[in-house]
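Trainee: My structure is in input.cif, and what it holds is mmCIF, C-alpha atoms (C1' of nucleotides):
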data_start
loop_
_atom_site.label_atom_id
_atom_site.label_comp_id
_atom_site.auth_asym_id
_atom_site.auth_seq_id
_atom_site.Cartn_x
_atom_site.Cartn_y
_atom_site.Cartn_z
CA MET B 7 63.41 49.09 85.04
CA ALA B 8 64.94 46.40 87.14
CA LYS B 9 66.20 43.65 84.95
CA ALA B 10 65.73 40.19 86.35
CA ARG B 11 69.31 40.22 87.48
CA PHE B 12 68.50 39.00 90.94
CA SER B 13 68.44 35.36 91.75
CA ARG B 14 66.62 35.00 95.03
CA PHE B 15 63.65 36.97 96.25
CA ASP B 16 62.44 34.54 98.79
CA GLY B 17 61.68 37.08 101.44
CA SER B 18 64.62 36.05 103.57
CA PRO B 19 66.28 38.89 105.46
CA GLY B 20 69.40 38.64 103.35
CA CYS B 21 67.35 39.05 100.23
CA ALA B 22 67.03 42.82 100.50
CA VAL B 23 70.73 43.17 101.16
CA GLU B 24 71.58 40.96 98.24
CA ALA B 25 69.36 42.92 95.91
CA ALA B 26 70.81 46.25 96.95
CA VAL B 27 74.37 44.98 96.74
CA SER B 28 73.84 43.63 93.27
CA LEU B 29 72.90 47.10 92.08
CA ILE B 30 76.13 48.76 93.13
CA CYS B 31 78.33 45.81 92.30
CA GLY B 32 80.32 46.30 89.20
CA LYS B 33 83.76 47.72 89.15
CA TRP B 34 82.77 51.32 88.53
CA LYS B 35 79.18 51.60 89.66
CA GLY B 36 79.86 52.75 93.17
CA VAL B 37 82.22 55.43 91.95
CA VAL B 38 79.85 56.63 89.27
CA LEU B 39 77.03 56.90 91.79
CA TRP B 40 79.30 58.69 94.20
CA TYR B 41 80.34 61.34 91.71
CA LEU B 42 76.78 61.89 90.57
CA LEU B 43 75.72 62.25 94.18
CA ASP B 44 78.60 64.57 94.84
CA GLU B 45 78.27 66.77 91.82
CA GLY B 46 74.68 66.34 90.76
CA THR B 47 74.99 66.20 86.99
CA LEU B 48 77.94 65.14 84.89
CA ARG B 49 78.60 64.54 81.25
CA PHE B 50 80.10 61.34 79.97
CA SER B 51 83.54 62.84 79.52
CA GLU B 52 83.41 64.52 82.90
CA LEU B 53 82.66 61.23 84.59
CA ARG B 54 85.42 59.59 82.67
CA ARG B 55 87.95 62.20 83.71
CA ARG B 56 86.93 61.97 87.35
CA ILE B 57 87.08 58.23 87.49
CA GLY B 58 90.27 57.75 85.56
CA GLY B 59 91.38 54.37 84.35
CA VAL B 60 87.98 53.39 83.03
CA THR B 61 87.57 52.74 79.34
CA GLN B 62 84.67 54.21 77.37
CA ARG B 63 83.27 50.78 76.85
CA MET B 64 83.19 49.99 80.55
CA LEU B 65 81.86 53.37 81.52
CA THR B 66 79.14 53.14 78.92
CA ASN B 67 78.37 49.65 80.09
CA GLN B 68 78.08 50.56 83.74
CA LEU B 69 76.05 53.66 82.97
CA ARG B 70 73.64 51.62 80.90
CA GLU B 71 73.14 49.09 83.67
CA LEU B 72 72.57 51.80 86.22
CA GLU B 73 70.10 53.39 83.87
CA VAL B 74 68.25 50.14 83.28
CA ASP B 75 68.11 49.60 87.02
CA GLY B 76 66.53 53.00 87.37
CA LEU B 77 69.28 54.54 89.46
CA ILE B 78 70.49 57.16 87.03
CA HIS B 79 68.90 59.36 84.41
CA ARG B 80 70.43 59.84 81.00
CA GLU B 81 69.62 63.01 79.15
CA VAL B 82 70.68 63.34 75.55
CA HIS B 83 70.87 66.85 74.14
CA ALA B 84 70.36 66.95 70.41
CA GLU B 85 73.38 69.02 69.63
CA VAL B 86 76.56 68.69 67.74
CA PRO B 87 78.91 67.79 69.20
CA PRO B 88 76.58 65.59 71.25
CA ARG B 89 76.12 66.26 74.92
CA VAL B 90 74.83 63.61 77.29
CA GLU B 91 74.25 64.35 80.93
CA TYR B 92 73.87 61.85 83.70
CA SER B 93 72.23 62.39 87.05
CA LEU B 94 70.73 60.33 89.83
CA THR B 95 67.06 59.47 89.76
CA ALA B 96 64.99 59.68 92.92
CA LEU B 97 65.62 55.99 93.39
CA GLY B 98 69.32 56.54 92.95
CA ARG B 99 69.35 59.40 95.43
CA GLU B 100 67.82 57.04 97.95
CA LEU B 101 71.12 55.21 97.87
CA THR B 102 72.69 58.24 99.51
CA PRO B 103 72.95 56.62 102.94
CA VAL B 104 74.61 53.62 101.36
CA LEU B 105 77.09 55.70 99.41
CA MET B 106 77.89 57.92 102.35
CA ALA B 107 78.43 54.91 104.56
CA LEU B 108 80.70 53.33 101.98
CA LYS B 109 82.64 56.55 101.60
CA ASN B 110 83.00 56.95 105.34
CA TRP B 111 84.20 53.42 105.79
CA GLY B 112 86.64 53.76 102.92
CA ASP B 113 88.03 57.03 104.20
CA ALA B 114 88.46 55.57 107.65
CA HIS B 115 90.28 52.50 106.41
CA LEU B 116 92.00 53.40 103.20
CA ASP B 117 95.24 53.21 105.10
CA LEU B 118 94.74 49.47 105.21
CA PHE B 119 94.87 49.19 101.49
CA GLY B 120 97.45 51.60 100.27
CA PRO B 121 99.88 54.36 101.07
CA SER B 122 96.80 56.52 101.60
CA GLY B 123 96.36 59.35 99.19
CA THR B 124 94.68 62.64 99.90
CA PRO B 125 91.45 61.91 101.76
CA ALA B 126 89.53 64.12 99.36
CA GLU B 127 86.36 64.91 101.26
CA PRO B 128 83.20 65.57 99.29
CA ARG B 129 83.02 69.15 98.13
CA GLU B 130 80.76 71.41 100.13
CA GLY B 131 79.13 72.85 97.06
CA GLY B 132 78.17 69.46 95.72
CA ALA B 133 74.85 67.73 95.81
CA ALA B 134 75.98 65.32 98.50
CA GLY B 135 74.73 65.63 102.00
CA GLN B 136 71.25 66.63 100.93
CA ALA B 137 69.62 63.51 102.23
CA MET U 17 94.68 41.32 105.57
CA ALA U 18 93.73 43.39 102.57
CA LYS U 19 94.78 41.60 99.45
CA ALA U 20 95.89 43.87 96.67
CA ARG U 21 92.49 43.49 95.13
CA PHE U 22 92.03 47.19 94.59
CA SER U 23 93.12 48.83 91.43
CA ARG U 24 93.22 52.55 92.11
CA PHE U 25 94.24 54.27 95.28
CA ASP U 26 94.97 57.62 93.84
CA GLY U 27 93.32 59.60 96.57
CA SER U 28 90.41 60.58 94.37
CA PRO U 29 87.08 60.85 96.17
CA GLY U 30 85.73 57.83 94.39
CA CYS U 31 88.64 55.78 95.57
CA ALA U 32 87.30 55.19 99.05
CA VAL U 33 83.92 54.21 97.68
CA GLU U 34 85.48 51.86 95.21
CA ALA U 35 87.56 50.18 97.89
CA ALA U 36 84.60 49.70 100.20
CA VAL U 37 82.38 48.43 97.42
CA SER U 38 84.94 45.89 96.33
CA LEU U 39 84.85 44.35 99.79
CA ILE U 40 81.15 43.60 99.79
CA CYS U 41 80.95 42.74 96.13
CA GLY U 42 80.60 39.10 95.49
CA LYS U 43 77.33 37.34 95.15
CA TRP U 44 77.02 36.28 98.77
CA LYS U 45 79.23 38.62 100.73
CA GLY U 46 76.60 41.16 101.58
CA VAL U 47 74.25 38.47 102.79
CA VAL U 48 76.91 36.75 104.86
CA LEU U 49 77.86 40.02 106.51
CA TRP U 50 74.24 40.80 107.14
CA TYR U 51 73.53 37.52 108.90
CA LEU U 52 76.66 37.78 110.98
CA LEU U 53 75.68 41.29 111.94
CA ASP U 54 72.16 40.16 112.68
CA GLU U 55 72.97 37.06 114.65
CA GLY U 56 76.48 37.65 115.90
CA THR U 57 78.07 34.23 115.46
CA LEU U 58 77.13 31.48 113.07
CA ARG U 59 78.54 28.16 112.06
CA PHE U 60 79.21 27.24 108.47
CA SER U 61 76.11 25.11 108.19
CA GLU U 62 73.96 27.72 109.87
CA LEU U 63 75.07 30.33 107.39
CA ARG U 64 74.43 27.97 104.57
CA ARG U 65 70.92 27.22 105.76
CA ARG U 66 70.11 30.89 106.18
CA ILE U 67 71.39 31.90 102.80
CA GLY U 68 69.96 29.05 100.80
CA GLY U 69 70.98 28.36 97.24
CA VAL U 70 74.66 28.81 97.91
CA THR U 71 77.00 25.87 97.37
CA GLN U 72 79.64 24.94 99.93
CA ARG U 73 82.33 25.93 97.54
CA MET U 74 80.97 29.40 97.03
CA LEU U 75 80.21 29.93 100.68
CA THR U 76 83.69 28.78 101.63
CA ASN U 77 85.12 31.00 98.96
CA GLN U 78 83.28 34.12 100.07
CA LEU U 79 84.02 33.45 103.72
CA ARG U 80 87.71 33.10 102.94
CA GLU U 81 87.80 36.37 101.06
CA LEU U 82 85.99 38.16 103.83
CA GLU U 83 88.43 36.65 106.29
CA VAL U 84 91.44 37.68 104.24
CA ASP U 85 90.02 41.18 104.01
CA GLY U 86 89.77 41.26 107.77
CA LEU U 87 86.01 41.62 107.93
CA ILE U 88 85.14 38.33 109.57
CA HIS U 89 86.76 36.11 112.13
CA ARG U 90 86.97 32.35 111.68
CA GLU U 91 87.23 30.24 114.78
CA VAL U 92 87.93 26.56 114.43
CA HIS U 93 87.07 24.38 117.40
CA ALA U 94 89.20 21.27 117.57
CA GLU U 95 86.35 18.86 117.95
CA VAL U 96 84.85 16.01 116.08
CA PRO U 97 82.69 16.59 114.24
CA PRO U 98 84.42 19.87 113.49
CA ARG U 99 82.81 23.14 114.45
CA VAL U 100 83.73 26.40 112.81
CA GLU U 101 82.20 29.64 113.90
CA TYR U 102 82.18 32.88 111.99
CA SER U 103 81.71 36.34 113.37
CA LEU U 104 82.41 39.92 112.39
CA THR U 105 85.69 41.52 113.33
CA ALA U 106 85.77 45.08 114.62
CA LEU U 107 86.52 46.16 111.08
CA GLY U 108 83.58 44.19 109.83
CA ARG U 109 81.28 45.65 112.45
CA GLU U 110 82.24 49.07 111.19
CA LEU U 111 80.39 48.15 108.03
CA THR U 112 77.18 48.23 110.04
CA PRO U 113 76.01 51.56 108.61
CA VAL U 114 76.63 50.24 105.13
CA LEU U 115 74.76 47.02 105.74
CA MET U 116 71.88 48.75 107.44
CA ALA U 117 71.62 51.25 104.61
CA LEU U 118 71.65 48.46 102.06
CA LYS U 119 69.00 46.56 103.97
CA ASN U 120 66.82 49.63 104.32
CA TRP U 121 67.07 50.42 100.66
CA GLY U 122 66.33 46.85 99.71
CA ASP U 123 63.35 46.62 102.00
CA ALA U 124 61.97 49.86 100.63
CA HIS U 125 62.32 48.80 97.03
CA LEU U 126 62.10 45.05 96.88
CA ASP U 127 58.72 45.48 95.26
CA LEU U 128 60.54 46.75 92.20
CA PHE U 129 62.31 43.49 91.69
CA GLY U 130 59.88 40.75 92.42
CA PRO U 131 56.48 39.71 93.69
CA SER U 132 57.78 40.80 97.09
CA GLY U 133 58.13 38.13 99.70
CA THR U 134 57.76 38.61 103.40
CA PRO U 135 59.72 41.71 104.37
CA ALA U 136 61.48 39.78 107.13
CA GLU U 137 62.72 42.52 109.44
CA PRO U 138 65.86 41.88 111.44
CA ARG U 139 65.16 40.03 114.65
CA GLU U 140 65.06 42.16 117.79
CA GLY U 141 67.25 39.79 119.72
CA GLY U 142 70.02 39.87 117.15
CA ALA U 143 73.30 41.66 117.25
CA ALA U 144 72.17 44.22 114.70
CA GLY U 145 71.40 47.72 115.75
CA GLN U 146 74.25 47.89 118.19
CA ALA U 147 76.04 50.56 116.25
"C1'" DC E 2 80.63 19.08 109.74
"C1'" DA E 3 83.26 21.81 107.04
"C1'" DG E 4 85.54 21.86 103.86
"C1'" DG E 5 89.16 20.64 99.51
"C1'" DA E 6 89.92 19.27 94.59
"C1'" DT E 7 88.32 19.35 89.79
"C1'" DC E 8 86.20 20.70 85.95
"C1'" DC E 9 83.34 23.57 83.38
"C1'" DT E 10 80.43 27.67 81.92
"C1'" DA E 11 79.03 32.38 82.20
"C1'" DT E 12 79.89 36.87 83.10
"C1'" DT E 13 82.95 40.68 83.63
"C1'" DG E 14 86.47 43.49 82.31
"C1'" DG E 15 89.63 45.36 78.93
"C1'" DA E 16 92.31 46.80 74.41
"C1'" DT E 17 91.59 48.56 70.18
"C1'" DA E 18 89.46 50.44 66.20
"C1'" DC E 19 85.67 52.72 64.13
"C1'" DT E 20 81.39 56.16 63.79
"C1'" DG E 21 77.21 59.61 63.77
"C1'" DC R 3 81.62 63.97 72.14
"C1'" DA R 4 79.75 59.91 73.18
"C1'" DG R 5 79.41 56.31 72.03
"C1'" DT R 6 79.49 50.95 68.89
"C1'" DA R 7 81.60 46.86 67.40
"C1'" DT R 8 84.92 43.09 67.93
"C1'" DC R 9 87.82 40.28 70.02
"C1'" DC R 10 90.04 38.40 73.91
"C1'" DA R 11 91.70 37.43 78.85
"C1'" DA R 12 90.47 37.02 83.48
"C1'" DT R 13 87.47 36.17 87.01
"C1'" DA R 14 83.38 34.73 89.15
"C1'" DG R 15 80.21 31.33 89.78
"C1'" DG R 16 78.57 26.60 89.88
"C1'" DA R 17 78.09 21.15 89.74
"C1'" DT R 18 79.96 17.23 91.51
"C1'" DC R 19 82.72 14.17 94.05
"C1'" DC R 20 85.93 13.28 97.76
"C1'" DT R 21 87.89 13.62 102.79
"C1'" DG R 22 89.79 14.43 107.77
#
So, in terms of structure tokens, how does the structure I just supplied come out?
Mentor:
Amino acid sequence: MAKARFSRFDGSPGCAVEAAVSLICGKWKGVVLWYLLDEGTLRFSELRRRIGGVTQRMLTNQLRELEVDGLIHREVHAEVPPRVEYSLTALGRELTPVLMALKNWGDAHLDLFGPSGTPAEPREGGAAGQA
Amino acid sequence: MAKARFSRFDGSPGCAVEAAVSLICGKWKGVVLWYLLDEGTLRFSELRRRIGGVTQRMLTNQLRELEVDGLIHREVHAEVPPRVEYSLTALGRELTPVLMALKNWGDAHLDLFGPSGTPAEPREGGAAGQA
DNA sequence: CAGGATCCTATTGGATACTG
DNA sequence: CAGTATCCAATAGGATCCTG
């Protein structure tokens, strides 16, 4: 895993932050990770419906990068029609604190950015909150 | 603050995550925020030295975006030579859990990405850890 | 010191059409 | 269903030089 997508690993304090940030940067990565954390396992089409506004190309792209980085697991079921399920890896689940913190911040300050939609708390039955 | 840099505020759960992520996305934003959290107040040149590898243009750019988004405060002292100090706003300080989580994750997994430099824990005397 | 102004390249993101 | 394959526009990122 872990493409050489990181520029500086000089041991400086900011280095760790930079590395972690680079993993969740990408227009849809944070959201994808959030939904997988929240719901555990989702198919491609399920993710796409939940995210909304993402094209297949972009979703595929982001999923591939997350997979290469070792954050998500991609399971292909040899069926027809094809079924592909995505879930977080152990490494990905370790991002839980990050994702929760991001979600909390966003929920607390969404009013700054828009007319504020429904807060939409994570579902109780989901996989979130385990860590 | 808060440029209309966010595409979807439909109230979906991922929305908040997406908004928060977009604020710290940018090659140097996470690092800048981290150092400001760690050390409280830093001048332009101090930030630049700490980050290393960033050009003035990019640092200026990222600082401006963070300022526009209301995460950092920019204080210009009318002196010569000029002195400009950056610090986190209250809103920016609320990102502390996010930054700490990112740092923790990075520290725990930096070995995945490189030969692993010195871990470089946050200094005790810094501003970090307040929240 | 802390930038602003330019110019240029690379990467990201997106629309659309096609496929096993 | 879950993608590929193209093509294209926008943005991010960077090198360099100049300035109050």
Trainee: Going by the chain IDs and residue numbers used in this file, which residues fall under the PyMOL selection byres ((chain E and resi 3) around 12)? Write them as a PDB file with C-alpha atoms (C1' of nucleotides), keeping the file's coordinate frame.
Mentor:
ATOM      1  CA  ARG U  59      78.540  28.160 112.060  1.00  0.00           C
ATOM      2  CA  PHE U  60      79.210  27.240 108.470  1.00  0.00           C
ATOM      3  CA  SER U  61      76.110  25.110 108.190  1.00  0.00           C
ATOM      4  CA  GLU U  62      73.960  27.720 109.870  1.00  0.00           C
ATOM      5  CA  LEU U  63      75.070  30.330 107.390  1.00  0.00           C
ATOM      6  CA  ARG U  64      74.430  27.970 104.570  1.00  0.00           C
ATOM      7  CA  GLN U  72      79.640  24.940  99.930  1.00  0.00           C
ATOM      8  CA  ARG U  73      82.330  25.930  97.540  1.00  0.00           C
ATOM      9  CA  LEU U  75      80.210  29.930 100.680  1.00  0.00           C
ATOM     10  CA  THR U  76      83.690  28.780 101.630  1.00  0.00           C
ATOM     11  CA  VAL U  92      87.930  26.560 114.430  1.00  0.00           C
ATOM     12  CA  HIS U  93      87.070  24.380 117.400  1.00  0.00           C
ATOM     13  CA  GLU U  95      86.350  18.860 117.950  1.00  0.00           C
ATOM     14  CA  VAL U  96      84.850  16.010 116.080  1.00  0.00           C
ATOM     15  CA  PRO U  97      82.690  16.590 114.240  1.00  0.00           C
ATOM     16  CA  PRO U  98      84.420  19.870 113.490  1.00  0.00           C
ATOM     17  CA  ARG U  99      82.810  23.140 114.450  1.00  0.00           C
ATOM     18  CA  VAL U 100      83.730  26.400 112.810  1.00  0.00           C
ATOM     19  CA  GLU U 101      82.200  29.640 113.900  1.00  0.00           C
TER      20      GLU U 101
ATOM     21  C1'  DC E   2      80.630  19.080 109.740  1.00  0.00           C
ATOM     22  C1'  DG E   4      85.540  21.860 103.860  1.00  0.00           C
ATOM     23  C1'  DG E   5      89.160  20.640  99.510  1.00  0.00           C
TER      24       DG E   5
ATOM     25  C1'  DT R  21      87.890  13.620 102.790  1.00  0.00           C
ATOM     26  C1'  DG R  22      89.790  14.430 107.770  1.00  0.00           C
TER      27       DG R  22
END
Trainee: Evaluate the PyMOL selection byres ((chain E and resi 14) around 10) against this structure - the residues, as number ranges by chain, please.
Mentor: B: 32-33, 61, 63-64; E: 12-13, 15; R: 11-13
Trainee: Apply the PyMOL selection byres ((chain E and resi 11) around 9) to the file shown and report the selected residues as a PDB file with C-alpha atoms (C1' of nucleotides), in the frame of the given file.
Mentor:
ATOM      1  C1'  DT E  10      80.430  27.670  81.920  1.00  0.00           C
ATOM      2  C1'  DT E  12      79.890  36.870  83.100  1.00  0.00           C
TER       3       DT E  12
ATOM      4  C1'  DA R  14      83.380  34.730  89.150  1.00  0.00           C
ATOM      5  C1'  DG R  15      80.210  31.330  89.780  1.00  0.00           C
TER       6       DG R  15
END
Trainee: How many Å lie between CA of Lys109 (chain B) and CA of Trp40 (chain B), rounded to one decimal?
Mentor: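 Atom-to-atom, CA of Lys109 (chain B) to CA of Trp40 (chain B), that is 8.4 Å.
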Trainee: Region 75-80 of chain B: which residues within 12 Å, counting only C-alpha atoms (C1' of nucleotides), same-chain residues fewer than 4 positions away excluded, as a PyMOL selection string?
Mentor: (chain B and resi 7-12+25-26+28-30+35-36+38-43+46-50+66+68-71+89-102) or (chain U and resi 125+128-129)
Trainee: Could you list, with a cut-off of 8 Å and counting only C-alpha atoms (C1' of nucleotides), the residues of chain R near chain B, each shown with its nearest atom pair and the distance in Å rounded to one decimal, rows sorted by chain and ascending number, as CSV?
Mentor:
residue,atom,partner,partner_atom,distance
R:DC3,C1',B:Pro88,CA,5.4
R:DA4,C1',B:Pro88,CA,6.8
R:DG5,C1',B:Thr66,CA,7.6
Trainee: CA of Gly20 (chain B) and CA of Asp113 (chain B) are how many Å apart?
Mentor: 26.2 Å
Trainee: Figure out the distance between CA of Pro113 (chain U) and CA of Cys31 (chain U), please, to one decimal in Å.
Mentor: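 That distance, rounded to one decimal, is 18.6 Å.
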Trainee: Do you know which residues are at most 9 Å from Val114 (chain U) counting only C-alpha atoms (C1' of nucleotides), after dropping those on the same chain fewer than 6 positions away, and could you put them as a PyMOL selection string?
Mentor: chain B and resi 103-108+111
Trainee: What are the centre and edge lengths in Å, to one decimal, of the axis-aligned box around all listed atoms of region 57-62 of chain B with 4 Å added on each side, as AutoDock Vina command-line options?
Mentor:
--center_x 88.0 --center_y 55.5 --center_z 82.4 --size_x 14.7 --size_y 13.5 --size_z 18.1
Trainee: Which residues are close to DC19 (chain E), i.e. within 10 Å by all atoms listed in the file, leaving aside same-chain residues fewer than 2 positions away? Reply as a ChimeraX atom specification.
Mentor: /E:17 /R:6-7
Trainee: Write a file of the just-selected residues containing C-alpha atoms (C1' of nucleotides), as a PDB file, keeping the file's coordinate frame.
Mentor:
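That gives us out.pdb:
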ATOM      1  C1'  DT E  17      91.590  48.560  70.180  1.00  0.00           C
TER       2       DT E  17
ATOM      3  C1'  DT R   6      79.490  50.950  68.890  1.00  0.00           C
ATOM      4  C1'  DA R   7      81.600  46.860  67.400  1.00  0.00           C
TER       5       DA R   7
END
